file my_file_37.txt (compact mmCIF, C-alpha atoms)
# COMPACT_ATOMS: atom_id res chain seq x y z
CA MET A 1 -14.49 40.75 -11.69
CA SER A 2 -12.32 38.23 -13.56
CA THR A 3 -9.32 39.13 -11.39
CA ASN A 4 -11.30 38.44 -8.23
CA THR A 5 -12.49 35.15 -9.68
CA ASP A 6 -8.91 34.11 -10.51
CA VAL A 7 -7.75 34.97 -6.98
CA ALA A 8 -10.61 33.02 -5.46
CA GLY A 9 -9.77 30.05 -7.66
CA ARG A 10 -6.15 30.08 -6.53
CA LEU A 11 -7.21 30.25 -2.90
CA ARG A 12 -9.47 27.27 -3.34
CA LYS A 13 -6.58 25.31 -4.87
CA ALA A 14 -4.14 26.08 -2.04
CA PRO A 15 -5.46 23.43 0.38
CA SER A 16 -5.29 20.89 -2.46
CA THR A 17 -1.59 21.69 -2.94
CA ARG A 18 -0.90 21.18 0.75
CA GLN A 19 -2.82 17.92 0.69
CA THR A 20 -0.89 16.80 -2.39
CA VAL A 21 2.46 17.47 -0.72
CA PHE A 22 1.29 15.69 2.43
CA SER A 23 0.10 12.67 0.45
CA THR A 24 3.43 12.44 -1.34
CA GLY A 25 5.27 12.62 1.97
CA VAL A 26 3.07 10.06 3.73
CA GLY A 27 3.48 7.45 1.01
CA ASN A 28 7.21 8.02 0.82
CA ALA A 29 7.56 7.82 4.62
CA VAL A 30 5.76 4.47 4.64
CA GLU A 31 8.14 3.06 2.02
CA TRP A 32 11.21 4.21 3.95
CA TYR A 33 9.74 2.96 7.21
CA ASP A 34 9.28 -0.50 5.69
CA TRP A 35 12.86 -0.49 4.44
CA ASN A 36 14.33 0.75 7.72
CA VAL A 37 12.56 -1.57 10.13
CA TYR A 38 14.12 -4.52 8.31
CA ALA A 39 17.62 -3.23 9.09
CA THR A 40 16.66 -2.11 12.61
CA PHE A 41 15.05 -5.41 13.65
CA ALA A 42 17.40 -7.74 11.75
CA PRO A 43 19.31 -8.72 14.93
CA PHE A 44 16.04 -9.99 16.42
CA PHE A 45 14.34 -11.86 13.57
CA SER A 46 17.49 -13.26 11.92
CA LYS A 47 17.53 -16.20 14.33
CA GLN A 48 13.80 -16.79 13.75
CA LEU A 49 13.79 -16.93 9.95
CA PHE A 50 17.23 -18.54 9.54
CA ASN A 51 19.06 -21.24 11.46
CA GLY A 52 19.60 -19.73 14.92
CA ALA A 53 22.30 -22.23 15.84
CA ASP A 54 24.89 -19.94 14.23
CA PRO A 55 24.01 -16.29 15.09
CA THR A 56 26.76 -14.80 12.91
CA SER A 57 25.62 -16.81 9.89
CA ALA A 58 22.00 -15.88 10.60
CA ILE A 59 22.65 -12.13 10.68
CA LEU A 60 24.82 -12.33 7.54
CA SER A 61 22.07 -14.29 5.77
CA THR A 62 19.51 -11.69 6.84
CA LEU A 63 21.67 -8.87 5.49
CA ALA A 64 22.23 -10.85 2.30
CA VAL A 65 18.45 -10.93 1.79
CA PHE A 66 18.47 -7.19 2.50
CA ALA A 67 20.89 -6.87 -0.42
CA VAL A 68 18.94 -9.27 -2.66
CA GLY A 69 15.84 -7.14 -2.18
CA PHE A 70 17.70 -4.37 -3.93
CA LEU A 71 18.06 -6.52 -7.05
CA ALA A 72 14.35 -6.06 -7.69
CA ARG A 73 14.70 -2.28 -7.65
CA PRO A 74 15.81 -1.82 -11.28
CA PHE A 75 12.79 -3.84 -12.41
CA GLY A 76 10.61 -1.69 -10.17
CA GLY A 77 12.20 1.43 -11.63
CA LEU A 78 11.47 0.18 -15.15
CA ILE A 79 7.90 -1.00 -14.49
CA PHE A 80 6.76 1.91 -12.35
CA GLY A 81 8.81 4.35 -14.42
CA TRP A 82 6.95 3.20 -17.53
CA ILE A 83 3.65 3.59 -15.67
CA GLY A 84 4.69 7.06 -14.50
CA ASP A 85 5.68 8.26 -17.97
CA ARG A 86 2.82 6.58 -19.89
CA ILE A 87 -0.15 6.37 -17.51
CA GLY A 88 0.61 8.96 -14.85
CA ARG A 89 2.88 9.90 -11.96
CA ARG A 90 0.02 9.53 -9.47
CA THR A 91 -0.89 6.03 -10.70
CA SER A 92 2.70 4.87 -10.36
CA MET A 93 3.00 6.23 -6.83
CA THR A 94 -0.30 4.65 -5.75
CA PHE A 95 0.58 1.17 -7.01
CA ALA A 96 4.05 1.40 -5.43
CA VAL A 97 2.80 2.08 -1.91
CA ALA A 98 0.20 -0.71 -2.21
CA LEU A 99 2.86 -3.24 -3.18
CA ALA A 100 5.13 -2.15 -0.34
CA ALA A 101 2.33 -2.66 2.18
CA PHE A 102 1.76 -6.20 0.92
CA GLY A 103 5.45 -7.04 1.31
CA SER A 104 5.43 -5.75 4.88
CA LEU A 105 2.39 -7.87 5.71
CA LEU A 106 4.11 -10.95 4.29
CA ILE A 107 7.09 -10.49 6.62
CA ALA A 108 4.78 -9.93 9.59
CA ILE A 109 3.08 -13.31 9.12
CA ALA A 110 6.17 -15.28 8.04
CA PRO A 111 6.55 -18.67 9.79
CA THR A 112 9.73 -19.38 11.77
CA PHE A 113 12.68 -21.52 10.69
CA THR A 114 11.97 -23.88 13.59
CA ALA A 115 8.43 -24.47 12.32
CA VAL A 116 8.93 -24.82 8.55
CA GLY A 117 12.67 -24.79 7.92
CA ALA A 118 13.95 -23.10 4.77
CA PHE A 119 10.42 -22.04 3.76
CA ALA A 120 10.68 -19.30 6.40
CA SER A 121 13.78 -17.91 4.72
CA LEU A 122 12.07 -18.17 1.32
CA THR A 123 9.07 -16.21 2.59
CA LEU A 124 11.38 -13.44 3.74
CA LEU A 125 13.17 -13.43 0.38
CA VAL A 126 9.91 -13.14 -1.58
CA ALA A 127 8.67 -10.33 0.66
CA ARG A 128 11.91 -8.40 0.21
CA LEU A 129 11.77 -8.81 -3.56
CA ILE A 130 8.22 -7.42 -3.53
CA GLN A 131 9.32 -4.47 -1.42
CA GLY A 132 12.31 -3.99 -3.71
CA LEU A 133 9.99 -3.67 -6.70
CA ALA A 134 7.85 -1.17 -4.80
CA HIS A 135 10.74 0.94 -3.57
CA GLY A 136 12.37 0.90 -6.98
CA GLY A 137 9.23 2.56 -8.31
CA GLU A 138 8.41 4.79 -5.34
CA LEU A 139 11.47 7.00 -5.27
CA PRO A 140 11.66 8.01 -8.96
CA SER A 141 7.87 8.44 -9.13
CA SER A 142 7.61 10.60 -6.01
CA GLN A 143 10.78 12.54 -6.85
CA THR A 144 9.46 13.33 -10.32
CA TYR A 145 5.99 14.20 -9.03
CA LEU A 146 7.24 16.54 -6.31
CA SER A 147 9.75 18.27 -8.58
CA GLU A 148 7.05 18.90 -11.20
CA VAL A 149 4.50 20.38 -8.77
CA ALA A 150 7.07 22.58 -6.99
CA PRO A 151 7.57 26.27 -7.90
CA ARG A 152 10.79 26.36 -9.92
CA GLU A 153 12.36 29.01 -7.64
CA LYS A 154 11.77 26.75 -4.60
CA ARG A 155 12.32 23.34 -6.18
CA GLY A 156 15.42 22.56 -4.12
CA LEU A 157 13.54 23.26 -0.89
CA TRP A 158 10.52 21.24 -1.99
CA SER A 159 12.65 18.32 -3.16
CA SER A 160 14.06 18.00 0.35
CA LEU A 161 10.62 16.63 1.32
CA ILE A 162 11.66 13.27 -0.18
CA TYR A 163 14.37 12.68 2.41
CA VAL A 164 12.50 14.64 5.09
CA SER A 165 9.47 12.38 4.81
CA GLY A 166 11.72 9.35 4.34
CA THR A 167 13.65 10.26 7.48
CA VAL A 168 10.39 10.65 9.40
CA GLY A 169 9.65 7.05 8.36
CA VAL A 170 13.14 5.99 9.44
CA LEU A 171 12.76 7.84 12.74
CA PHE A 172 9.41 6.27 13.43
CA GLY A 173 10.82 2.81 12.74
CA THR A 174 13.87 3.45 14.91
CA PHE A 175 11.78 4.96 17.71
CA LEU A 176 9.52 1.91 17.56
CA GLY A 177 12.63 -0.21 17.99
CA VAL A 178 13.62 1.82 21.07
CA LEU A 179 10.13 1.48 22.50
CA LEU A 180 9.80 -2.25 21.90
CA THR A 181 13.28 -3.12 23.18
CA SER A 182 12.56 -1.05 26.31
CA VAL A 183 9.16 -2.62 27.01
CA LEU A 184 9.77 -6.21 25.87
CA SER A 185 12.45 -8.62 27.02
CA LYS A 186 14.99 -10.01 24.56
CA ALA A 187 13.13 -13.33 24.53
CA GLN A 188 9.87 -11.55 23.72
CA MET A 189 11.54 -9.50 20.98
CA ASP A 190 12.93 -12.68 19.43
CA ALA A 191 9.61 -14.47 19.73
CA PHE A 192 7.05 -11.92 18.52
CA GLY A 193 8.13 -8.32 19.15
CA TRP A 194 9.88 -8.01 15.78
CA ARG A 195 6.59 -8.72 13.96
CA ILE A 196 4.83 -5.64 15.35
CA PRO A 197 6.56 -3.03 13.13
CA PHE A 198 5.78 -5.03 9.99
CA PHE A 199 2.08 -5.30 10.84
CA LEU A 200 2.10 -1.56 11.46
CA GLY A 201 3.85 -0.95 8.13
CA ALA A 202 1.07 -2.79 6.31
CA ALA A 203 -1.58 -0.63 8.04
CA LEU A 204 0.27 2.60 7.26
CA GLY A 205 0.64 1.51 3.65
CA LEU A 206 -3.13 1.17 3.35
CA TYR A 207 -3.52 4.73 4.63
CA GLY A 208 -0.95 5.98 2.12
CA LEU A 209 -2.81 4.17 -0.66
CA ILE A 210 -6.06 5.98 0.18
CA MET A 211 -4.31 9.36 0.35
CA ARG A 212 -2.66 8.94 -3.04
CA PHE A 213 -5.90 8.03 -4.79
CA ARG A 214 -7.01 11.60 -4.09
CA MET A 215 -3.96 13.34 -5.58
CA PRO A 216 -4.11 15.38 -8.82
CA GLU A 217 -1.81 14.68 -11.77
CA THR A 218 1.09 17.02 -12.53
CA GLU A 219 0.88 19.75 -15.15
CA ALA A 220 3.99 18.39 -16.87
CA PHE A 221 2.42 14.96 -17.40
CA GLU A 222 -0.90 16.42 -18.48
CA GLY A 223 1.05 18.38 -21.09
CA LEU A 224 2.18 15.04 -22.55
CA THR A 225 -1.36 13.71 -22.91
CA GLY A 226 -3.41 16.81 -23.76
CA ALA A 227 -4.32 18.27 -27.12
CA GLY A 228 -1.28 19.13 -29.21
CA ALA A 229 1.05 17.07 -27.04
CA LYS A 230 4.25 15.88 -28.74
CA ARG A 231 5.04 12.64 -26.98
CA PRO A 232 7.65 10.53 -28.84
CA LYS A 233 6.08 7.55 -30.64
CA HIS A 234 9.06 5.18 -30.42
CA PRO A 235 9.45 2.56 -27.64
CA ILE A 236 10.56 3.73 -24.22
CA TRP A 237 13.81 1.77 -24.46
CA ARG A 238 14.90 3.99 -27.34
CA SER A 239 14.31 7.06 -25.18
CA ILE A 240 16.42 5.50 -22.44
CA VAL A 241 19.24 4.81 -24.91
CA GLU A 242 19.00 8.35 -26.29
CA HIS A 243 19.52 9.69 -22.77
CA ARG A 244 22.25 7.22 -21.78
CA LYS A 245 24.65 10.04 -20.84
CA GLN A 246 22.21 11.34 -18.25
CA ALA A 247 21.64 7.77 -17.03
CA ILE A 248 25.37 7.31 -16.45
CA GLN A 249 25.47 10.65 -14.65
CA VAL A 250 22.62 9.53 -12.37
CA ILE A 251 24.66 6.45 -11.43
CA GLY A 252 27.77 8.53 -10.84
CA MET A 253 25.90 11.04 -8.67
CA THR A 254 24.23 8.30 -6.65
CA VAL A 255 26.97 5.75 -6.01
CA GLY A 256 28.76 7.58 -3.20
CA LEU A 257 25.61 8.96 -1.61
CA THR A 258 23.84 5.60 -1.43
CA ILE A 259 26.75 3.77 0.21
CA ILE A 260 27.43 6.48 2.76
CA TYR A 261 23.76 7.03 3.54
CA TYR A 262 23.07 3.36 4.23
CA VAL A 263 26.20 3.06 6.35
CA TRP A 264 25.59 6.16 8.49
CA GLY A 265 21.89 6.85 8.19
CA VAL A 266 20.22 3.44 8.18
CA VAL A 267 22.27 0.52 9.51
CA ALA A 268 24.69 2.31 11.87
CA PRO A 269 22.65 1.47 15.01
CA ALA A 270 22.24 -2.18 13.97
CA PHE A 271 25.98 -2.40 13.17
CA ALA A 272 26.78 -0.85 16.56
CA ILE A 273 24.60 -3.43 18.29
CA SER A 274 25.88 -6.53 16.48
CA SER A 275 29.56 -5.65 15.90
CA LEU A 276 30.47 -3.03 18.54
CA HIS A 277 28.21 -4.54 21.23
CA ILE A 278 26.64 -1.24 22.22
CA ASN A 279 23.46 -1.57 24.30
CA PRO A 280 20.56 -2.01 21.82
CA SER A 281 18.25 0.55 23.40
CA GLU A 282 21.01 3.15 23.72
CA ALA A 283 22.19 2.57 20.16
CA LEU A 284 18.69 3.03 18.78
CA TRP A 285 18.20 6.22 20.79
CA ALA A 286 21.47 7.54 19.33
CA GLY A 287 20.10 6.74 15.87
CA VAL A 288 16.90 8.65 16.62
CA GLY A 289 18.83 11.73 17.76
CA ALA A 290 21.16 11.71 14.77
CA ASN A 291 18.28 11.42 12.31
CA VAL A 292 16.60 14.42 13.96
CA VAL A 293 19.78 16.38 13.15
CA PHE A 294 19.54 15.10 9.56
CA LEU A 295 15.90 16.14 9.41
CA ILE A 296 16.79 19.72 10.39
CA ALA A 297 19.70 19.96 7.94
CA LEU A 298 17.79 18.79 4.85
CA PRO A 299 15.54 21.82 4.12
CA LEU A 300 18.38 24.21 4.95
CA TRP A 301 20.61 22.70 2.26
CA GLY A 302 17.63 22.53 -0.13
CA LYS A 303 16.91 26.21 0.35
CA LEU A 304 20.58 27.09 -0.10
CA SER A 305 20.66 25.21 -3.43
CA ASP A 306 17.84 27.45 -4.70
CA ARG A 307 20.13 30.42 -4.05
CA ILE A 308 23.63 29.27 -5.06
CA GLY A 309 22.87 26.26 -7.29
CA ARG A 310 22.74 22.47 -7.07
CA LYS A 311 26.38 21.78 -7.99
CA LYS A 312 27.97 23.90 -5.27
CA VAL A 313 25.89 22.34 -2.50
CA MET A 314 26.52 18.77 -3.68
CA ILE A 315 30.26 19.38 -3.98
CA ILE A 316 30.41 20.86 -0.47
CA GLY A 317 28.71 17.77 0.91
CA GLY A 318 30.79 15.28 -1.07
CA VAL A 319 34.14 16.78 -0.07
CA ALA A 320 33.13 16.99 3.60
CA ILE A 321 31.97 13.34 3.59
CA ALA A 322 35.22 12.13 2.02
CA VAL A 323 37.31 14.07 4.55
CA LEU A 324 35.29 13.10 7.64
CA HIS A 325 34.42 9.45 7.01
CA PHE A 326 37.63 7.96 8.43
CA PRO A 327 37.83 10.27 11.49
CA MET A 328 34.21 9.55 12.39
CA THR A 329 34.75 5.80 11.93
CA TRP A 330 37.76 5.89 14.25
CA PHE A 331 35.83 8.03 16.73
CA LEU A 332 33.04 5.43 17.02
CA ARG A 333 34.11 2.75 19.48
CA ASP A 334 31.91 1.37 22.25
CA SER A 335 29.43 3.97 23.48
CA ALA A 336 26.09 5.35 22.32
CA TRP A 337 27.16 9.00 22.60
CA GLN A 338 30.01 8.32 20.16
CA LEU A 339 27.47 6.78 17.80
CA PHE A 340 25.24 9.86 18.06
CA VAL A 341 28.09 12.31 17.40
CA SER A 342 29.58 10.40 14.46
CA MET A 343 26.19 9.79 12.84
CA SER A 344 25.14 13.44 13.30
CA VAL A 345 28.32 14.87 11.80
CA MET A 346 28.11 12.62 8.76
CA LEU A 347 24.38 13.09 8.24
CA ILE A 348 24.70 16.88 8.24
CA PHE A 349 26.87 16.65 5.11
CA ILE A 350 25.04 13.69 3.60
CA ALA A 351 22.03 16.04 3.67
CA CYS A 352 23.76 18.32 1.14
CA SER A 353 23.12 15.87 -1.68
CA ALA A 354 20.14 14.02 -0.20
CA ALA A 355 18.10 17.22 -0.02
CA ILE A 356 18.46 18.20 -3.66
CA VAL A 357 19.14 15.11 -5.80
CA PRO A 358 15.38 14.69 -6.46
CA ALA A 359 15.37 18.14 -8.08
CA ALA A 360 18.71 17.56 -9.82
CA TYR A 361 17.55 14.23 -11.27
CA ALA A 362 14.28 15.70 -12.58
CA GLU A 363 16.10 18.64 -14.15
CA MET A 364 18.33 16.28 -16.16
CA PHE A 365 15.55 14.65 -18.24
CA PRO A 366 12.67 15.80 -20.48
CA ALA A 367 9.13 15.17 -19.23
CA HIS A 368 8.36 12.15 -21.45
CA ILE A 369 11.23 10.08 -20.03
CA ARG A 370 11.70 11.71 -16.63
CA THR A 371 10.39 8.95 -14.33
CA VAL A 372 11.88 5.89 -16.02
CA GLY A 373 15.01 7.82 -17.04
CA VAL A 374 15.79 8.38 -13.38
CA GLY A 375 14.25 5.17 -12.04
CA VAL A 376 16.25 2.57 -13.96
CA PRO A 377 19.82 3.88 -13.49
CA TYR A 378 19.08 5.04 -9.94
CA SER A 379 17.72 1.61 -8.96
CA ILE A 380 20.61 -0.22 -10.62
CA CYS A 381 23.07 1.90 -8.68
CA VAL A 382 21.29 1.47 -5.35
CA ALA A 383 20.97 -2.28 -5.95
CA LEU A 384 24.66 -2.77 -6.74
CA PHE A 385 26.12 -0.42 -4.17
CA GLY A 386 23.55 0.63 -1.55
CA GLY A 387 22.04 -2.82 -1.04
CA THR A 388 25.42 -4.51 -0.61
CA ALA A 389 26.89 -1.86 1.70
CA PRO A 390 25.52 -3.22 5.01
CA TYR A 391 26.52 -6.79 4.12
CA LEU A 392 30.04 -5.79 3.06
CA GLN A 393 30.50 -3.63 6.15
CA GLN A 394 29.47 -6.52 8.44
CA LEU A 395 31.55 -9.03 6.46
CA PHE A 396 34.74 -6.96 6.53
CA ALA A 397 34.29 -6.12 10.22
CA ASP A 398 33.28 -9.50 11.72
CA VAL A 399 34.66 -12.11 9.30
CA LEU A 400 37.65 -10.61 7.50
CA HIS A 401 38.59 -8.21 10.32
CA ALA A 402 39.52 -5.55 7.76
CA SER A 403 37.11 -2.67 8.29
CA TRP A 404 39.65 -0.29 6.77
CA ALA A 405 39.19 -1.91 3.33
CA PHE A 406 35.46 -1.24 3.33
CA ASN A 407 36.04 2.37 4.39
CA VAL A 408 38.54 2.91 1.56
CA TYR A 409 35.94 1.54 -0.86
CA ALA A 410 33.23 3.87 0.52
CA VAL A 411 35.39 6.99 0.23
CA ALA A 412 36.49 6.03 -3.29
CA MET A 413 32.84 5.87 -4.39
CA VAL A 414 32.20 9.29 -2.84
CA ALA A 415 35.08 10.62 -4.96
CA VAL A 416 33.36 9.22 -8.06
CA SER A 417 30.21 11.16 -7.16
CA ILE A 418 32.16 14.38 -6.63
CA LEU A 419 33.81 14.07 -10.05
CA THR A 420 30.43 13.36 -11.68
CA VAL A 421 28.87 16.47 -10.15
CA PHE A 422 31.77 18.59 -11.43
CA GLY A 423 30.80 17.54 -14.97
CA LEU A 424 27.10 18.44 -14.66
CA PRO A 425 25.55 21.65 -15.97
CA GLU A 426 23.82 23.88 -13.43
CA THR A 427 20.04 23.33 -13.76
CA LYS A 428 18.63 25.44 -10.91
CA GLY A 429 15.25 26.90 -11.93
CA LYS A 430 14.85 24.86 -15.14
CA ASP A 431 11.36 24.67 -16.68
CA LEU A 432 10.16 21.06 -16.25
CA ARG A 433 7.08 21.28 -18.47
CA HIS A 434 9.03 20.04 -21.48
call {"tool": "encode", "arguments": {"input": "my_file_37.txt", "output": "structure tokens"}}
result
Amino acid sequence: MSTNTDVAGRLRKAPSTRQTVFSTGVGNAVEWYDWNVYATFAPFFSKQLFNGADPTSAILSTLAVFAVGFLARPFGGLIFGWIGDRIGRRTSMTFAVALAAFGSLLIAIAPTFTAVGAFASLTLLVARLIQGLAHGGELPSSQTYLSEVAPREKRGLWSSLIYVSGTVGVLFGTFLGVLLTSVLSKAQMDAFGWRIPFFLGAALGLYGLIMRFRMPETEAFEGLTGAGAKRPKHPIWRSIVEHRKQAIQVIGMTVGLTIIYYVWGVVAPAFAISSLHINPSEALWAGVGANVVFLIALPLWGKLSDRIGRKKVMIIGGVAIAVLHFPMTWFLRDSAWQLFVSMSVMLIFIACSAAIVPAAYAEMFPAHIRTVGVGVPYSICVALFGGTAPYLQQLFADVLHASWAFNVYAVAMVAVSILTVFGLPETKGKDLRH
């Protein structure tokens, strides 16, 4: 009788698990969508929120704000990481998606530079800082949550949901760009078309907020707050200092991935439009196709890491990226099909690390410091290197006419990540309840 009761109980919980995974993915997709539509639509709204008399200056200013938004990420990682480790993973994730939705709404209703002058640029800056706070908290919170609810023998596969759901958000934003640029004229896109994706982002964020309110807390966090729990009593900063080696390793693992991912996975279509003068609609379609390839590759690499280990998969990807970055950059010239091929090739190997770093990060820290331990160093790294990558790429290409220097820098950072991974212990299948 008791056996039948236990089985029935597990069956009743199964739909809840699926709903939990879906809720995690939806919220994460919304955050990535918000981040991507900024890069995708920057060529259109840059002249509206900055001085349109100098288009090159306007697009550089817009990308500079894109980078400044990343500066808020470490603070988001600290604030939401503290919430995740002290109040709950679910609470942290819920607040993060709500804040992101507000930032998207603020951009959607921003006045133009013609109407209010520099106040338009200031509105954009404030909105990006808000979204930076939210995204700085979203990734470590959702990565920690998903890794803790996943079966340990399938954690690599499950962790790929972070970039799978994120890529769905990126795809949706890119596809929306294709649709709007096909239906609306350039004048209409400049005037009002660019606002549509930000209004939609705010609405999707509200949906994600409702979904996350219904999620259960993880067993690992409940173990920190239940009877007999042994949570450290000292301040959280001391825990961060005690795990400084792991924090440095997080930065080392992330630095190459974040630069290469933003170059090839996020801003490549926008760069192709503004610097290579590829047709906007064709460039965005190429971006959609390449991200579909990325979407397919992610769970395959995640599943492989559950069989052969995290280190081997990440090293395979890092070496391939370092070898292929220059050839793919030279291959990309003036056509959309070249953009699709180069993006697809690079994203296949970027997926090696992207699929499994959520699991690898979680496996590096104990439960009581897991969210903030990942969130702070990860956000610092992304702010310093990922956020500046699009700006530096555009600057070196259009102003300094030395694209080769940026590419050397990108490959050098990938080499740093490879060396960091070599020094990591293998953590596949680690128990995350402690």
call {"tool": "closest_residue", "arguments": {"input": "my_file_37.txt", "among": "A:Ala283, A:Val164, A:Ala101, A:Leu432", "to": "Gly132 (chain A)", "atoms": "all atoms listed in the file"}}
result
A:Ala101
call {"tool": "residues_near_point", "arguments": {"input": "my_file_37.txt", "point": "(9.5, -23.1, 12.3)", "cutoff": "12 Å", "atoms": "all atoms listed in the file", "output": "NGL selection string"}}
result
:A and (47-52 or 110-121 or 123 or 191)
call {"tool": "residues_near_point", "arguments": {"input": "my_file_37.txt", "point": "(31.7, 6.7, 13.9)", "cutoff": "7 Å", "atoms": "only C-alpha atoms", "output": "list of chain:residue names"}}
result
A:Met328, A:Thr329, A:Trp330, A:Phe331, A:Leu332, A:Gln338, A:Leu339, A:Ser342, A:Met343
call {"tool": "write_last_selection", "arguments": {"input": "my_file_37.txt", "atoms": "C-alpha atoms", "output": "short mmCIF file (atom, residue, chain, number, x, y, z; two decimals), in the coordinates of the input"}}
result
data_model
loop_
_atom_site.label_atom_id
_atom_site.label_comp_id
_atom_site.auth_asym_id
_atom_site.auth_seq_id
_atom_site.Cartn_x
_atom_site.Cartn_y
_atom_site.Cartn_z
CA MET A 328 34.21 9.55 12.39
CA THR A 329 34.75 5.80 11.93
CA TRP A 330 37.76 5.89 14.25
CA PHE A 331 35.83 8.03 16.73
CA LEU A 332 33.04 5.43 17.02
CA GLN A 338 30.01 8.32 20.16
CA LEU A 339 27.47 6.78 17.80
CA SER A 342 29.58 10.40 14.46
CA MET A 343 26.19 9.79 12.84
#
call {"tool": "residues_around", "arguments": {"input": "my_file_37.txt", "residues": "region 300-307 of chain A", "least_positions_apart": "3", "cutoff": "9 Å", "atoms": "all atoms listed in the file", "output": "PyMOL selection string"}}
result
chain A and resi 152-160+296-297+310-314+351-356+428-429
call {"tool": "closest_residue", "arguments": {"input": "my_file_37.txt", "among": "A:Gly223, A:Phe45, A:Phe95, A:Leu209", "to": "Gln188 (chain A)", "atoms": "all atoms listed in the file"}}
result
A:Phe45
call {"tool": "closest_residue", "arguments": {"input": "my_file_37.txt", "among": "A:Gly69, A:Gly387, A:Pro43, A:Gly169", "to": "Tyr261 (chain A)", "atoms": "only C-alpha atoms"}}
result
A:Gly387
call {"tool": "atom_distance", "arguments": {"input": "my_file_37.txt", "atom1": "CA of Ser335 (chain A)", "atom2": "CA of Ile260 (chain A)"}}
result
21.0 Å
call {"tool": "atom_distance", "arguments": {"input": "my_file_37.txt", "atom1": "CA of Gly77 (chain A)", "atom2": "CA of Tyr409 (chain A)"}}
result
26.1 Å
call {"tool": "closest_residue", "arguments": {"input": "my_file_37.txt", "among": "A:Ile83, A:Val416, A:Val97, A:Ala336", "to": "Gly375 (chain A)", "atoms": "all atoms listed in the file"}}
result
A:Ile83
call {"tool": "closest_residue", "arguments": {"input": "my_file_37.txt", "among": "A:Ser417, A:Gln393, A:Thr94, A:Gln19", "to": "His135 (chain A)", "atoms": "only C-alpha atoms"}}
result
A:Thr94
call {"tool": "closest_residue", "arguments": {"input": "my_file_37.txt", "among": "A:Gly309, A:Gly256, A:Gly173, A:Pro280", "to": "Ala415 (chain A)", "atoms": "all atoms listed in the file"}}
result
A:Gly256
call {"tool": "closest_atom_pairs", "arguments": {"input": "my_file_37.txt", "of": "region 352-431 of chain A", "to": "region 239-247 of chain A", "cutoff": "9 Å", "atoms": "all atoms listed in the file", "output": "CSV"}}
result
residue,atom,partner,partner_atom,distance
A:Tyr361,CA,A:Gln246,CA,8.9
A:Met364,CA,A:Gln246,CA,6.6
A:Phe365,CA,A:Gln246,CA,7.4
A:His368,CA,A:Ser239,CA,8.7
A:Ile369,CA,A:Ser239,CA,6.7
A:Val372,CA,A:Ile240,CA,7.9
A:Gly373,CA,A:Ile240,CA,6.0
A:Val374,CA,A:Ala247,CA,6.9
A:Val376,CA,A:Ala247,CA,8.1
A:Pro377,CA,A:Ala247,CA,5.6
A:Tyr378,CA,A:Ala247,CA,8.0
call {"tool": "atom_distance", "arguments": {"input": "my_file_37.txt", "atom1": "CA of Ala320 (chain A)", "atom2": "CA of Met346 (chain A)"}}
result
8.4 Å
call {"tool": "residues_around", "arguments": {"input": "my_file_37.txt", "residues": "Gly136 (chain A)", "least_positions_apart": "5", "cutoff": "12 Å", "atoms": "only C-alpha atoms", "output": "PyMOL selection string"}}
result
chain A and resi 28+31-32+35+69-81+92-93+95-97+99-100+128-131+141-143+371-372+374-383+387
